[in-house]
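Engineer: So here's input.cif (mmCIF, C-alpha atoms).
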```cif
data_run
#
loop_
_atom_site.label_atom_id
_atom_site.label_comp_id
_atom_site.auth_asym_id
_atom_site.auth_seq_id
_atom_site.Cartn_x
_atom_site.Cartn_y
_atom_site.Cartn_z
CA MET A 1 157.78 -102.84 63.40
CA ASN A 2 158.55 -99.28 64.38
CA THR A 3 154.91 -98.31 63.85
CA PHE A 4 152.12 -98.86 66.38
CA GLY A 5 148.39 -98.56 65.72
CA GLN A 6 145.94 -98.99 62.85
CA LEU A 7 144.11 -95.70 62.24
CA TYR A 8 145.89 -93.68 64.92
CA ARG A 9 149.53 -94.56 64.33
CA LEU A 10 152.91 -93.64 65.76
CA THR A 11 156.14 -94.32 63.92
CA SER A 12 159.12 -93.62 66.16
CA PHE A 13 162.80 -93.27 65.33
CA GLY A 14 166.14 -92.64 67.01
CA GLU A 15 168.63 -94.15 69.43
CA SER A 16 169.49 -93.31 73.01
CA HIS A 17 172.76 -91.51 72.23
CA GLY A 18 171.98 -90.33 68.71
CA GLU A 19 171.31 -86.72 67.72
CA ALA A 20 167.62 -86.96 68.57
CA ILE A 21 164.63 -89.22 68.92
CA GLY A 22 161.30 -88.45 67.33
CA GLY A 23 158.20 -89.66 65.62
CA VAL A 24 155.43 -89.20 63.11
CA ILE A 25 151.80 -89.38 64.26
CA ASP A 26 149.39 -90.27 61.47
CA GLY A 27 145.61 -90.58 61.39
CA ILE A 28 144.93 -87.80 63.88
CA PRO A 29 141.53 -86.16 63.25
CA SER A 30 141.52 -82.58 62.01
CA GLY A 31 140.20 -79.51 63.76
CA PHE A 32 141.09 -80.39 67.34
CA GLU A 33 142.53 -77.59 69.44
CA ILE A 34 145.77 -78.79 70.99
CA ASP A 35 147.37 -77.51 74.19
CA LEU A 36 151.07 -77.83 73.38
CA GLU A 37 152.05 -76.92 76.95
CA GLU A 38 150.07 -79.92 78.15
CA ILE A 39 151.93 -82.12 75.64
CA GLN A 40 155.19 -80.88 77.16
CA SER A 41 153.95 -81.39 80.72
CA GLN A 42 153.22 -85.04 80.00
CA LEU A 43 156.71 -85.44 78.57
CA ASP A 44 158.17 -83.77 81.67
CA ARG A 45 156.60 -86.51 83.80
CA ARG A 46 158.71 -89.15 82.01
CA ARG A 47 161.83 -86.96 81.91
CA PRO A 48 165.00 -88.38 83.54
CA GLY A 49 166.78 -86.64 86.41
CA GLN A 50 163.63 -85.50 88.21
CA SER A 51 164.23 -87.17 91.58
CA ALA A 52 166.72 -89.17 93.66
CA ILE A 53 165.05 -92.48 92.75
CA VAL A 54 165.50 -92.28 88.97
CA THR A 55 168.41 -92.04 86.55
CA GLY A 56 170.62 -88.97 86.91
CA ARG A 57 170.65 -88.33 83.16
CA ARG A 58 169.43 -84.76 82.70
CA GLU A 59 167.60 -84.18 79.46
CA SER A 60 165.38 -81.13 78.98
CA ASP A 61 163.19 -83.28 76.72
CA ARG A 62 161.74 -80.28 74.91
CA VAL A 63 159.55 -81.52 72.09
CA ARG A 64 159.62 -79.63 68.79
CA ILE A 65 156.54 -79.99 66.62
CA LEU A 66 157.52 -79.89 62.95
CA SER A 67 154.22 -80.36 61.15
CA GLY A 68 150.51 -81.09 61.39
CA ILE A 69 149.52 -78.17 63.66
CA PHE A 70 148.29 -74.82 62.33
CA GLU A 71 147.15 -71.97 64.57
CA GLY A 72 146.81 -74.37 67.45
CA ARG A 73 144.62 -76.94 65.67
CA THR A 74 145.31 -80.30 64.09
CA LEU A 75 145.32 -80.28 60.30
CA GLY A 76 144.59 -83.98 59.99
CA THR A 77 148.00 -84.36 58.31
CA PRO A 78 150.98 -86.18 59.86
CA ILE A 79 152.38 -84.59 63.01
CA GLY A 80 156.16 -84.79 62.96
CA PHE A 81 158.21 -84.07 66.09
CA ILE A 82 161.71 -84.48 67.48
CA ILE A 83 163.29 -84.46 70.95
CA ASP A 84 167.00 -83.65 71.05
CA ASN A 85 169.46 -85.82 72.97
CA SER A 86 171.92 -83.59 74.80
CA ASP A 87 173.08 -85.18 78.08
CA HIS A 88 174.40 -88.52 76.86
CA HIS A 89 177.69 -89.75 78.35
CA SER A 90 178.68 -92.23 75.65
CA ASN A 91 182.10 -92.92 77.18
CA ASP A 92 180.35 -94.56 80.15
CA TYR A 93 179.39 -97.40 77.79
CA GLU A 94 182.78 -98.02 76.17
CA ALA A 95 183.38 -101.08 78.36
CA MET A 96 180.14 -102.54 76.95
CA ARG A 97 181.21 -102.28 73.31
CA HIS A 98 182.30 -105.92 73.26
CA CYS A 99 180.42 -107.24 76.31
CA PHE A 100 176.86 -108.48 76.55
CA ARG A 101 175.00 -107.16 79.57
CA PRO A 102 172.96 -109.95 81.23
CA SER A 103 169.19 -109.73 80.56
CA HIS A 104 169.64 -106.81 78.14
CA ALA A 105 169.05 -106.67 74.39
CA ASP A 106 172.78 -106.53 73.59
CA PHE A 107 173.16 -110.17 72.53
CA THR A 108 169.85 -110.45 70.68
CA TYR A 109 170.39 -107.22 68.72
CA GLN A 110 173.92 -108.34 67.79
CA ALA A 111 172.63 -111.74 66.69
CA LYS A 112 169.74 -110.26 64.69
CA TYR A 113 171.45 -107.35 62.96
CA GLY A 114 175.13 -108.26 63.04
CA LEU A 115 175.98 -104.97 64.77
CA ARG A 116 174.54 -102.75 67.47
CA ASP A 117 174.82 -99.32 69.01
CA HIS A 118 176.24 -100.13 72.43
CA ARG A 119 175.83 -96.56 73.74
CA GLY A 120 172.99 -96.65 76.22
CA GLY A 121 171.38 -99.59 74.47
CA GLY A 122 170.81 -97.71 71.22
CA ARG A 123 167.35 -98.36 69.82
CA SER A 124 166.50 -100.81 72.61
CA SER A 125 166.82 -98.06 75.24
CA ALA A 126 163.77 -96.89 77.16
CA ARG A 127 164.68 -93.43 75.87
CA GLU A 128 162.47 -94.32 72.89
CA THR A 129 159.39 -94.27 75.13
CA ALA A 130 159.51 -90.48 75.20
CA THR A 131 158.08 -90.53 71.67
CA ARG A 132 155.17 -92.64 72.91
CA VAL A 133 154.41 -90.11 75.63
CA VAL A 134 154.12 -87.37 72.99
CA ALA A 135 151.76 -89.45 70.84
CA GLY A 136 149.79 -90.49 73.91
CA ALA A 137 149.47 -86.87 75.05
CA PHE A 138 147.88 -85.93 71.73
CA ALA A 139 145.54 -88.93 72.04
CA ARG A 140 144.54 -88.00 75.59
CA GLN A 141 143.50 -84.52 74.55
CA ILE A 142 141.25 -85.93 71.82
CA LEU A 143 139.82 -88.55 74.19
CA SER A 144 138.96 -85.82 76.69
CA HIS A 145 136.48 -84.42 74.15
CA HIS A 146 134.69 -87.77 74.41
CA GLY A 147 134.75 -87.80 78.22
CA ILE A 148 137.43 -90.52 78.41
CA THR A 149 140.18 -90.27 81.02
CA VAL A 150 143.29 -92.41 81.61
CA ASN A 151 144.98 -92.59 85.02
CA ALA A 152 147.91 -94.83 85.91
CA PHE A 153 149.76 -95.11 89.21
CA THR A 154 152.39 -97.17 91.00
CA SER A 155 150.64 -99.91 92.93
CA GLN A 156 153.63 -102.02 93.93
CA VAL A 157 157.39 -101.77 94.44
CA GLY A 158 159.04 -105.03 95.41
CA PRO A 159 156.98 -106.53 98.26
CA ILE A 160 155.28 -103.20 99.12
CA ILE A 161 151.73 -103.19 97.71
CA LEU A 162 149.05 -100.49 97.68
CA ASN A 163 146.09 -102.44 99.02
CA LYS A 164 143.29 -100.15 97.88
CA ASP A 165 140.41 -100.63 95.47
CA PHE A 166 140.86 -98.18 92.61
CA HIS A 167 137.42 -96.69 93.39
CA ASP A 168 138.88 -95.45 96.67
CA ILE A 169 141.93 -93.81 95.11
CA ASP A 170 142.29 -90.06 94.67
CA PHE A 171 144.19 -89.86 91.38
CA SER A 172 145.14 -86.25 92.07
CA MET A 173 147.55 -87.62 94.71
CA THR A 174 149.60 -89.57 92.15
CA GLU A 175 151.89 -86.66 91.29
CA THR A 176 152.49 -85.60 94.90
CA ASN A 177 155.46 -87.93 95.37
CA ALA A 178 158.41 -89.18 93.33
CA VAL A 179 157.26 -92.79 93.11
CA ARG A 180 153.77 -91.81 91.81
CA CYS A 181 151.81 -93.86 94.34
CA PRO A 182 148.54 -92.08 95.29
CA ASP A 183 148.85 -93.01 98.97
CA SER A 184 151.40 -91.03 100.98
CA PRO A 185 152.33 -93.62 103.66
CA THR A 186 152.74 -96.39 101.06
CA ALA A 187 154.67 -94.05 98.75
CA ALA A 188 157.13 -93.19 101.53
CA ARG A 189 157.85 -96.87 102.16
CA MET A 190 158.32 -97.48 98.44
CA GLU A 191 160.75 -94.57 98.11
CA ASP A 192 162.79 -95.75 101.10
CA LEU A 193 163.07 -99.22 99.58
CA ILE A 194 164.19 -97.86 96.19
CA LYS A 195 166.84 -95.67 97.84
CA THR A 196 168.14 -98.65 99.84
CA VAL A 197 168.32 -100.84 96.76
CA LYS A 198 170.06 -98.07 94.80
CA ALA A 199 172.70 -97.62 97.52
CA GLU A 200 173.47 -101.34 97.25
CA GLY A 201 174.05 -101.06 93.50
CA ASP A 202 170.98 -103.18 92.90
CA THR A 203 167.54 -102.69 91.31
CA ILE A 204 163.95 -103.68 92.04
CA GLY A 205 160.73 -104.24 90.11
CA GLY A 206 157.14 -103.20 90.60
CA VAL A 207 153.64 -102.86 89.17
CA VAL A 208 151.83 -99.99 87.45
CA SER A 209 148.02 -100.07 87.53
CA CYS A 210 145.80 -98.14 85.13
CA VAL A 211 142.13 -97.13 85.10
CA ILE A 212 140.35 -95.88 81.97
CA LYS A 213 137.00 -94.20 82.61
CA GLY A 214 134.28 -93.11 80.20
CA VAL A 215 134.92 -95.73 77.50
CA PRO A 216 131.69 -96.35 75.54
CA VAL A 217 130.25 -99.80 74.94
CA GLY A 218 131.45 -101.52 71.79
CA LEU A 219 135.16 -100.74 71.36
CA GLY A 220 137.31 -103.66 70.29
CA GLU A 221 137.14 -106.24 67.54
CA PRO A 222 136.12 -109.90 67.65
CA VAL A 223 138.63 -112.75 67.77
CA PHE A 224 141.99 -111.19 66.83
CA GLY A 225 141.39 -107.50 67.56
CA LYS A 226 140.14 -107.87 71.11
CA LEU A 227 140.53 -104.72 73.17
CA HIS A 228 142.34 -106.42 76.03
CA ALA A 229 144.69 -108.10 73.54
CA ARG A 230 145.54 -104.74 72.00
CA LEU A 231 146.14 -103.26 75.45
CA ALA A 232 148.35 -106.22 76.30
CA GLU A 233 150.35 -105.76 73.08
CA ALA A 234 150.81 -102.07 73.87
CA MET A 235 151.91 -102.63 77.45
CA MET A 236 154.21 -105.54 76.69
CA SER A 237 156.01 -103.39 74.12
CA ILE A 238 157.23 -101.12 76.93
CA ASN A 239 160.79 -101.74 78.09
CA ALA A 240 161.07 -104.01 81.16
CA ALA A 241 157.38 -105.03 81.06
CA LYS A 242 157.03 -108.69 82.05
CA GLY A 243 153.34 -109.24 82.71
CA PHE A 244 149.83 -107.94 82.01
CA ASP A 245 146.44 -108.73 83.46
CA TYR A 246 143.06 -107.00 83.54
CA GLY A 247 140.03 -107.19 85.76
CA ASN A 248 140.63 -109.77 88.46
CA GLY A 249 143.34 -111.22 86.21
CA PHE A 250 145.49 -114.01 87.62
CA GLU A 251 143.74 -113.74 90.97
CA GLY A 252 140.59 -115.09 89.30
CA ALA A 253 142.35 -118.32 88.43
CA SER A 254 141.95 -119.49 92.04
CA LEU A 255 138.24 -118.57 92.25
CA ARG A 256 135.00 -120.18 91.12
CA GLY A 257 132.74 -118.88 88.38
CA SER A 258 130.07 -118.10 90.96
CA GLU A 259 132.56 -115.74 92.59
CA THR A 260 133.65 -113.95 89.44
CA ILE A 261 130.67 -113.51 87.08
CA ASP A 262 129.50 -109.92 86.66
CA LYS A 263 125.72 -109.83 87.03
CA PHE A 264 123.87 -107.42 84.79
CA ILE A 265 121.71 -104.73 86.34
CA SER A 266 119.72 -101.75 85.08
CA ARG A 267 120.72 -98.33 86.35
CA GLU A 268 119.09 -95.11 85.18
CA GLY A 269 117.81 -96.80 82.06
CA HIS A 270 121.19 -98.29 81.07
CA ILE A 271 122.61 -101.79 81.41
CA HIS A 272 125.57 -102.07 83.78
CA THR A 273 127.32 -104.80 85.74
CA ALA A 274 126.96 -105.06 89.52
CA THR A 275 130.65 -105.95 89.81
CA ASN A 276 133.60 -105.42 87.47
CA ASN A 277 135.65 -108.59 87.61
CA SER A 278 135.80 -108.44 83.81
CA GLY A 279 137.77 -105.20 83.98
CA GLY A 280 135.42 -103.35 81.63
CA ILE A 281 135.95 -105.77 78.73
CA GLN A 282 133.86 -108.81 77.81
CA GLY A 283 134.38 -110.90 74.70
CA GLY A 284 137.18 -108.53 73.77
CA ILE A 285 134.75 -105.59 73.57
CA SER A 286 134.31 -102.75 76.06
CA ASN A 287 131.12 -103.05 78.13
CA GLY A 288 130.96 -99.44 79.36
CA GLU A 289 132.43 -100.10 82.80
CA ASP A 290 135.82 -98.82 83.95
CA ILE A 291 138.70 -100.60 82.24
CA TYR A 292 141.27 -101.69 84.81
CA PHE A 293 144.57 -103.44 84.18
CA ARG A 294 148.04 -103.93 85.67
CA VAL A 295 151.52 -104.10 84.16
CA ALA A 296 154.39 -105.84 85.96
CA PHE A 297 157.90 -104.46 85.42
CA LYS A 298 161.06 -106.41 86.11
CA PRO A 299 164.03 -105.03 88.05
CA VAL A 300 166.32 -103.05 85.74
CA ALA A 301 168.95 -105.40 84.32
CA THR A 302 171.86 -102.95 84.72
CA LEU A 303 173.43 -103.46 88.13
CA LEU A 304 176.06 -101.03 89.41
CA ARG A 305 178.18 -103.89 90.66
CA GLN A 306 180.37 -106.54 89.05
CA VAL A 307 178.53 -109.24 87.10
CA GLU A 308 179.75 -112.26 85.19
CA THR A 309 179.09 -112.28 81.43
CA VAL A 310 180.79 -113.04 78.12
CA ASN A 311 182.17 -110.84 75.36
CA ASP A 312 181.25 -110.98 71.66
CA LEU A 313 183.77 -113.82 71.18
CA GLY A 314 182.01 -115.89 73.82
CA GLU A 315 184.86 -115.51 76.30
CA PRO A 316 184.01 -115.19 80.02
CA THR A 317 184.58 -111.75 81.47
CA ILE A 318 183.56 -109.48 84.32
CA LEU A 319 181.51 -106.36 83.62
CA LYS A 320 181.19 -103.40 85.97
CA ALA A 321 178.52 -101.15 84.49
CA ARG A 322 178.91 -97.40 84.53
CA GLY A 323 176.47 -94.67 83.58
CA ARG A 324 173.23 -93.42 85.05
CA HIS A 325 170.41 -95.88 85.42
CA ASP A 326 167.02 -96.21 87.11
CA PRO A 327 167.07 -98.39 90.23
CA CYS A 328 163.32 -98.93 89.62
CA VAL A 329 161.42 -98.06 86.43
CA VAL A 330 157.85 -97.88 87.69
CA ALA A 331 157.73 -94.15 88.54
CA ARG A 332 158.79 -93.14 85.02
CA ALA A 333 156.73 -95.95 83.48
CA VAL A 334 153.46 -94.45 84.76
CA PRO A 335 153.14 -91.79 82.01
CA VAL A 336 154.27 -94.33 79.40
CA VAL A 337 151.51 -96.75 80.44
CA GLU A 338 148.98 -93.92 80.24
CA ALA A 339 150.25 -92.91 76.81
CA MET A 340 150.04 -96.40 75.34
CA ALA A 341 146.56 -96.91 76.82
CA ALA A 342 145.35 -93.61 75.35
CA MET A 343 146.70 -94.55 71.92
CA VAL A 344 144.93 -97.93 72.01
CA ILE A 345 141.60 -96.45 73.08
CA LEU A 346 141.69 -93.62 70.53
CA ASP A 347 142.61 -96.07 67.77
CA ALA A 348 139.70 -98.33 68.77
CA LEU A 349 137.37 -95.33 68.92
CA LEU A 350 138.37 -94.20 65.42
CA ILE A 351 137.87 -97.73 64.06
CA ASP A 352 134.41 -97.86 65.62
CA ARG A 353 133.49 -94.43 64.24
CA ALA A 354 134.69 -95.45 60.77
CA ARG A 355 132.48 -98.55 60.89
CA SER A 356 129.49 -96.49 62.01
CA GLN A 357 129.90 -94.11 59.06
CA ARG A 358 129.77 -97.03 56.65
CA ARG A 359 126.45 -98.27 57.97
#
```
Represent the structure from my file as structure tokens, please.

Structural biologist:
Amino acid sequence: MNTFGQLYRLTSFGESHGEAIGGVIDGIPSGFEIDLEEIQSQLDRRRPGQSAIVTGRRESDRVRILSGIFEGRTLGTPIGFIIDNSDHHSNDYEAMRHCFRPSHADFTYQAKYGLRDHRGGGRSSARETATRVVAGAFARQILSHHGITVNAFTSQVGPIILNKDFHDIDFSMTETNAVRCPDSPTAARMEDLIKTVKAEGDTIGGVVSCVIKGVPVGLGEPVFGKLHARLAEAMMSINAAKGFDYGNGFEGASLRGSETIDKFISREGHIHTATNNSGGIQGGISNGEDIYFRVAFKPVATLLRQVETVNDLGEPTILKARGRHDPCVVARAVPVVEAMAAMVILDALLIDRARSQRR
């Protein structure tokens, strides 16, 4: 399961401290003009070492396109790419060779495969998400031709919550601060909290919210291919993701149906909903309204303090982690959430177009 998608597919490869990570994008339509600088700019948003509240690992994360692009346009053939790993400090992880870090994938990978790459988590590292950002950046450029935009932002860090309706948010403000919260006063409080937690050798969780605009009516499949289920699968495949909801989500569980139904109205000759508690998806199919969802991320499991654990013989031991780690993942998760959302929507769009051509 290193491949994601049905018609628009990404197969990723590589480990955190290997020579490189990379991927193959298949199913991309031909003839689209691609801005490769924009692909790189999206990757730069996820890049480590960009602020005081993220990991200090410094990777240039320059993507090299190997195939599938000719004279600036997609050929419709597989797009192969790699991203070199250069700033990995493997010796920082030597103490973890025989120890299982609590709440990490160390034990489960060892149990499943019989061996593991302990350096930076190997394949289980969030370093792999850089490949998703590349594939998502290609998808976003194609979606833009259809008037579809994807915007994610940090809406919560620990107990600090951005209490704004997404209609009132200026998405251009998201990139104006390190935490990627489009509200300056809230962002400042979030950053202060992350710095405090980091100084204590601890970590903290948060929430990334995402809004997809311009999605046509009819994307998504009945029963097992529901659009919100595919979005949930995509988001829950991201490292440290612990929860997903869309529309009024879990908050709707405490309300009555009379408070949550979205009444239909006619506006400019088209059917719309007066409210959007459904989050732009009804019956697993897009209804033409804005798609809105949230992804909850746990605190990073690597603490820069002593923790009790066991080694690979089951013997109790004390682990003091070294290395460079994020005290909070949400800021760097924002472009990953956008990328996965773009891949899901483009895939659903291609499936819908393929069905229409068969009619």

Engineer: Taking 2 positions as the minimum chain separation for residues in the same chain, which residues sit within 7 Å of Ala152 of chain A when counting only C-alpha atoms? Answer as a count of residues only.

Structural biologist: 8

Engineer: Please identify all polymer residues within 12 Å of Glu259 of chain A, counting only C-alpha atoms, omitting same-chain residues fewer than 4 positions from it, and present them as a ChimeraX atom specification.

Structural biologist: /A:248,251-255,263,275-278

Engineer: Go through A:Gly206, A:Pro216, A:Gly14, A:Pro316 one by one, measure the shortest atom-to-atom distance of each to Ile83 of chain A using all atoms listed in the file, and give the residue with the smallest value.

Structural biologist: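 That would be A:Gly14, the residue with the smallest distance to Ile83 of chain A.
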
Engineer: Which polymer residues have any atom within 6 Å of an atom of Val217 of chain A, counting all atoms listed in the file, with same-chain residues fewer than 2 positions away left out, as an MDAnalysis selection string?

Structural biologist: chainID A and resid 286:288

Engineer: Residues picked by the PyMOL selection byres ((chain A and resi 131) around 8) here, as a compact mmCIF listing (two decimals) with C-alpha atoms, in the frame of the given file?

Structural biologist:
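Here's the written file part33.txt:
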```
# COMPACT_ATOMS: atom_id res chain seq x y z
CA SER A 12 159.12 -93.62 66.16
CA ILE A 21 164.63 -89.22 68.92
CA GLY A 22 161.30 -88.45 67.33
CA GLY A 23 158.20 -89.66 65.62
CA GLU A 128 162.47 -94.32 72.89
CA THR A 129 159.39 -94.27 75.13
CA ALA A 130 159.51 -90.48 75.20
CA ARG A 132 155.17 -92.64 72.91
CA VAL A 133 154.41 -90.11 75.63
CA VAL A 134 154.12 -87.37 72.99
CA ALA A 135 151.76 -89.45 70.84
```

Engineer: When you look at segment 35-41 of chain A with a cut-off of 7 Å (counting only C-alpha atoms), what residues show up, excluding the ones that are within fewer than 6 positions of it in the same chain? I need them as a PyMOL selection string.

Structural biologist: chain A and resi 62-63+134+137-138

Engineer: Go ahead and compute the interatomic distance for atom CA of His118 of chain A and atom CA of Arg101 of chain A, in Å to one decimal.

Structural biologist: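 About the pair atom CA of His118 of chain A and atom CA of Arg101 of chain A: they are 10.1 Å apart.
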
Engineer: Kindly indicate which residue among A:Glu71, A:Glu19, A:Asp245, A:Glu308 lies nearest to Phe293 of chain A, using all atoms listed in the file for the distances.

Structural biologist: A:Asp245

Engineer: Could you tell me how far atom CA of Pro299 of chain A lies from atom CA of Met340 of chain A, in Å and to one decimal?

Structural biologist: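 Value for the atom CA of Pro299 of chain A-atom CA of Met340 of chain A distance: 20.8 Å.
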
Engineer: Calculate how many Å separate atom CA of Ile34 of chain A from atom CA of Gly72 of chain A, rounding to one decimal.

Structural biologist: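 Going from atom CA of Ile34 of chain A over to atom CA of Gly72 of chain A, I get 5.8 Å.
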